[in-house]
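Written below as structure tokens is the structure these notes are about.
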Amino acid sequence: DEDEKTVYDLSVGEEHDMEAYGALATLEYLFNDSHANATHITYEYASGDDPDTDDNEQFDLLWGEWPRWSELLIYTASYETTAAELTNLHRLNIGHKITLNKQWTLTADYHALWADEPGVSSRYSISREHDFRGDLFTAWAKFKFSSQLYGHLLGEYFVPGGYFQNRTDSEAFFLRFNVEYV
């Protein structure tokens with residue numbers, strides 16, 4: 001197979017086949033109005049490792065392992081891989097951004113999250129029947145105090161799906177206020 005790549009695990013000196021895939025696509029509509037309104041829809045896919053095969057199908061984000069679209073959910077990735085390695089994922093996102101004036105920008109997003117494969121977790125039983133990870137709502141309020149001083153308020157709200165079997169079913173909240181001087 002031409003798409004199949006051989007990966008060398010230098011720690012044990014064995015060859016492993018890798019058949020992983022990833023995609024990220026965004027469609028954005030710019031209103032071209034006085035408030036720079038913009039609406040976007042995004043689809044992200046990062047293949048997961050099928051536990052029933054010997055091949056490695058887990059997509060490797062490489063340098064993408066940082067909070068790209070959620071500060072809250074980067075910690076849930078550690079149940080399957082490492083912190084911030086949000087892979088084994090289908091993500092559908094819709095959002096809107098508005099610039100109120102030269103200082104204020106507001107952004108609101110909804111993310112529907114699914115798992116690509118049942119996966120393996122060291123901490124939780126993963127459902128073979130449910131692949132819906134949950135609903136994530138995010139909101140940013142960004143403020144420019146001066147040419148060198150910026151700030152933002154970030155809020156996130158997560159409602160878990162049925163992907164993890166022995167989860168608490170507790171909703172999660174994340175709130176951060178940040179000020180930066182550059």
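Naming scheme: A, B, ... for chains in displayed order of the structure tokens; residues 1 onward per chain; ligands 1 onward as shown.
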
Original post:
Could you name the residues that touch stretch 57-70 of chain A at 6 Å or less, counting only C-alpha atoms, but leaving out those on the same chain fewer than 2 positions away, as a ChimeraX atom specification?
Top reply: /A:18-21,46-49,72-73,84-85

Write a file of the selected residues as a PDB file, in the first residue's frame, keeping N, CA, C and O atoms.
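Ended up saving to result-v6.pdb:
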ATOM      1  N   MET A  18       2.176   2.310  10.238  1.00  0.00           N
ATOM      2  CA  MET A  18       1.312   3.419  10.627  1.00  0.00           C
ATOM      3  C   MET A  18       0.373   3.725   9.474  1.00  0.00           C
ATOM      4  O   MET A  18       0.823   3.885   8.346  1.00  0.00           O
ATOM      5  N   GLU A  19      -0.907   3.762   9.773  1.00  0.00           N
ATOM      6  CA  GLU A  19      -1.929   4.084   8.789  1.00  0.00           C
ATOM      7  C   GLU A  19      -2.854   5.122   9.398  1.00  0.00           C
ATOM      8  O   GLU A  19      -3.997   4.828   9.736  1.00  0.00           O
ATOM      9  N   ALA A  20      -2.380   6.327   9.583  1.00  0.00           N
ATOM     10  CA  ALA A  20      -3.132   7.372  10.264  1.00  0.00           C
ATOM     11  C   ALA A  20      -3.507   8.481   9.288  1.00  0.00           C
ATOM     12  O   ALA A  20      -2.803   8.734   8.317  1.00  0.00           O
ATOM     13  N   TYR A  21      -4.622   9.142   9.601  1.00  0.00           N
ATOM     14  CA  TYR A  21      -5.122  10.200   8.726  1.00  0.00           C
ATOM     15  C   TYR A  21      -5.614  11.378   9.562  1.00  0.00           C
ATOM     16  O   TYR A  21      -6.055  11.205  10.692  1.00  0.00           O
ATOM     17  N   ALA A  46      -9.062  13.429  13.182  1.00  0.00           N
ATOM     18  CA  ALA A  46      -7.772  12.835  13.534  1.00  0.00           C
ATOM     19  C   ALA A  46      -8.056  11.375  13.871  1.00  0.00           C
ATOM     20  O   ALA A  46      -8.745  11.084  14.847  1.00  0.00           O
ATOM     21  N   SER A  47      -7.565  10.467  13.034  1.00  0.00           N
ATOM     22  CA  SER A  47      -7.897   9.056  13.194  1.00  0.00           C
ATOM     23  C   SER A  47      -7.442   8.516  14.542  1.00  0.00           C
ATOM     24  O   SER A  47      -6.461   8.967  15.116  1.00  0.00           O
ATOM     25  N   GLY A  48      -8.191   7.538  15.013  1.00  0.00           N
ATOM     26  CA  GLY A  48      -7.863   6.866  16.261  1.00  0.00           C
ATOM     27  C   GLY A  48      -7.323   5.479  15.990  1.00  0.00           C
ATOM     28  O   GLY A  48      -7.476   4.931  14.898  1.00  0.00           O
ATOM     29  N   ASP A  49      -6.691   4.891  16.978  1.00  0.00           N
ATOM     30  CA  ASP A  49      -6.114   3.562  16.845  1.00  0.00           C
ATOM     31  C   ASP A  49      -7.193   2.515  17.099  1.00  0.00           C
ATOM     32  O   ASP A  49      -7.830   2.512  18.151  1.00  0.00           O
ATOM     33  N   LEU A  72     -10.011  23.538  28.344  1.00  0.00           N
ATOM     34  CA  LEU A  72     -10.598  22.572  29.263  1.00  0.00           C
ATOM     35  C   LEU A  72     -10.356  21.127  28.834  1.00  0.00           C
ATOM     36  O   LEU A  72      -9.952  20.291  29.642  1.00  0.00           O
ATOM     37  N   LEU A  73     -10.555  20.820  27.569  1.00  0.00           N
ATOM     38  CA  LEU A  73     -10.515  19.431  27.123  1.00  0.00           C
ATOM     39  C   LEU A  73      -9.118  18.880  26.896  1.00  0.00           C
ATOM     40  O   LEU A  73      -8.972  17.680  26.681  1.00  0.00           O
ATOM     41  N   ALA A  84      -3.230  17.291  25.984  1.00  0.00           N
ATOM     42  CA  ALA A  84      -3.330  18.151  24.802  1.00  0.00           C
ATOM     43  C   ALA A  84      -3.208  17.405  23.481  1.00  0.00           C
ATOM     44  O   ALA A  84      -3.280  18.018  22.435  1.00  0.00           O
ATOM     45  N   GLU A  85      -3.033  16.080  23.492  1.00  0.00           N
ATOM     46  CA  GLU A  85      -2.986  15.332  22.243  1.00  0.00           C
ATOM     47  C   GLU A  85      -4.406  14.874  21.896  1.00  0.00           C
ATOM     48  O   GLU A  85      -4.764  13.705  22.015  1.00  0.00           O
TER      49      GLU A  85
END

Please return as a PDB file with C-alpha atoms, in the first residue's frame: the residues of stretch 62-102 of chain A that backbone DSSP assigns to helix (DSSP H, G or I).
ATOM      1  CA  LEU A  62       3.206  16.371  16.166  1.00  0.00           C
ATOM      2  CA  TRP A  63       3.550  20.085  17.060  1.00  0.00           C
ATOM      3  CA  GLY A  64      -0.224  20.578  17.280  1.00  0.00           C
ATOM      4  CA  THR A  76      -9.242  14.719  29.030  1.00  0.00           C
ATOM      5  CA  ALA A  77      -6.849  13.650  26.250  1.00  0.00           C
ATOM      6  CA  SER A  78      -4.468  12.287  28.891  1.00  0.00           C
ATOM      7  CA  TYR A  79      -6.932   9.436  29.556  1.00  0.00           C
TER       8      TYR A  79
END

Original post:
So which residues of stretch 137-174 of chain A fall under strand (DSSP E or B) by DSSP, listed as a ChimeraX atom specification?
Top reply: /A:137-144,149-160,164,172-174

Original post:
Separation of atom CA of A:Phe143 and atom CA of A:Thr105, in Å?
Top reply: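 Taking atom CA of A:Phe143 and atom CA of A:Thr105, their separation equals 6.7 Å.
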
**OP:** Find, counting only C-alpha atoms, the residue in A:Leu89, A:Leu153, A:Ala83, A:Ala36 that gets nearest to A:Leu175.
**Re:**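 Residue with the minimum atom-to-atom distance to A:Leu175: A:Leu153.
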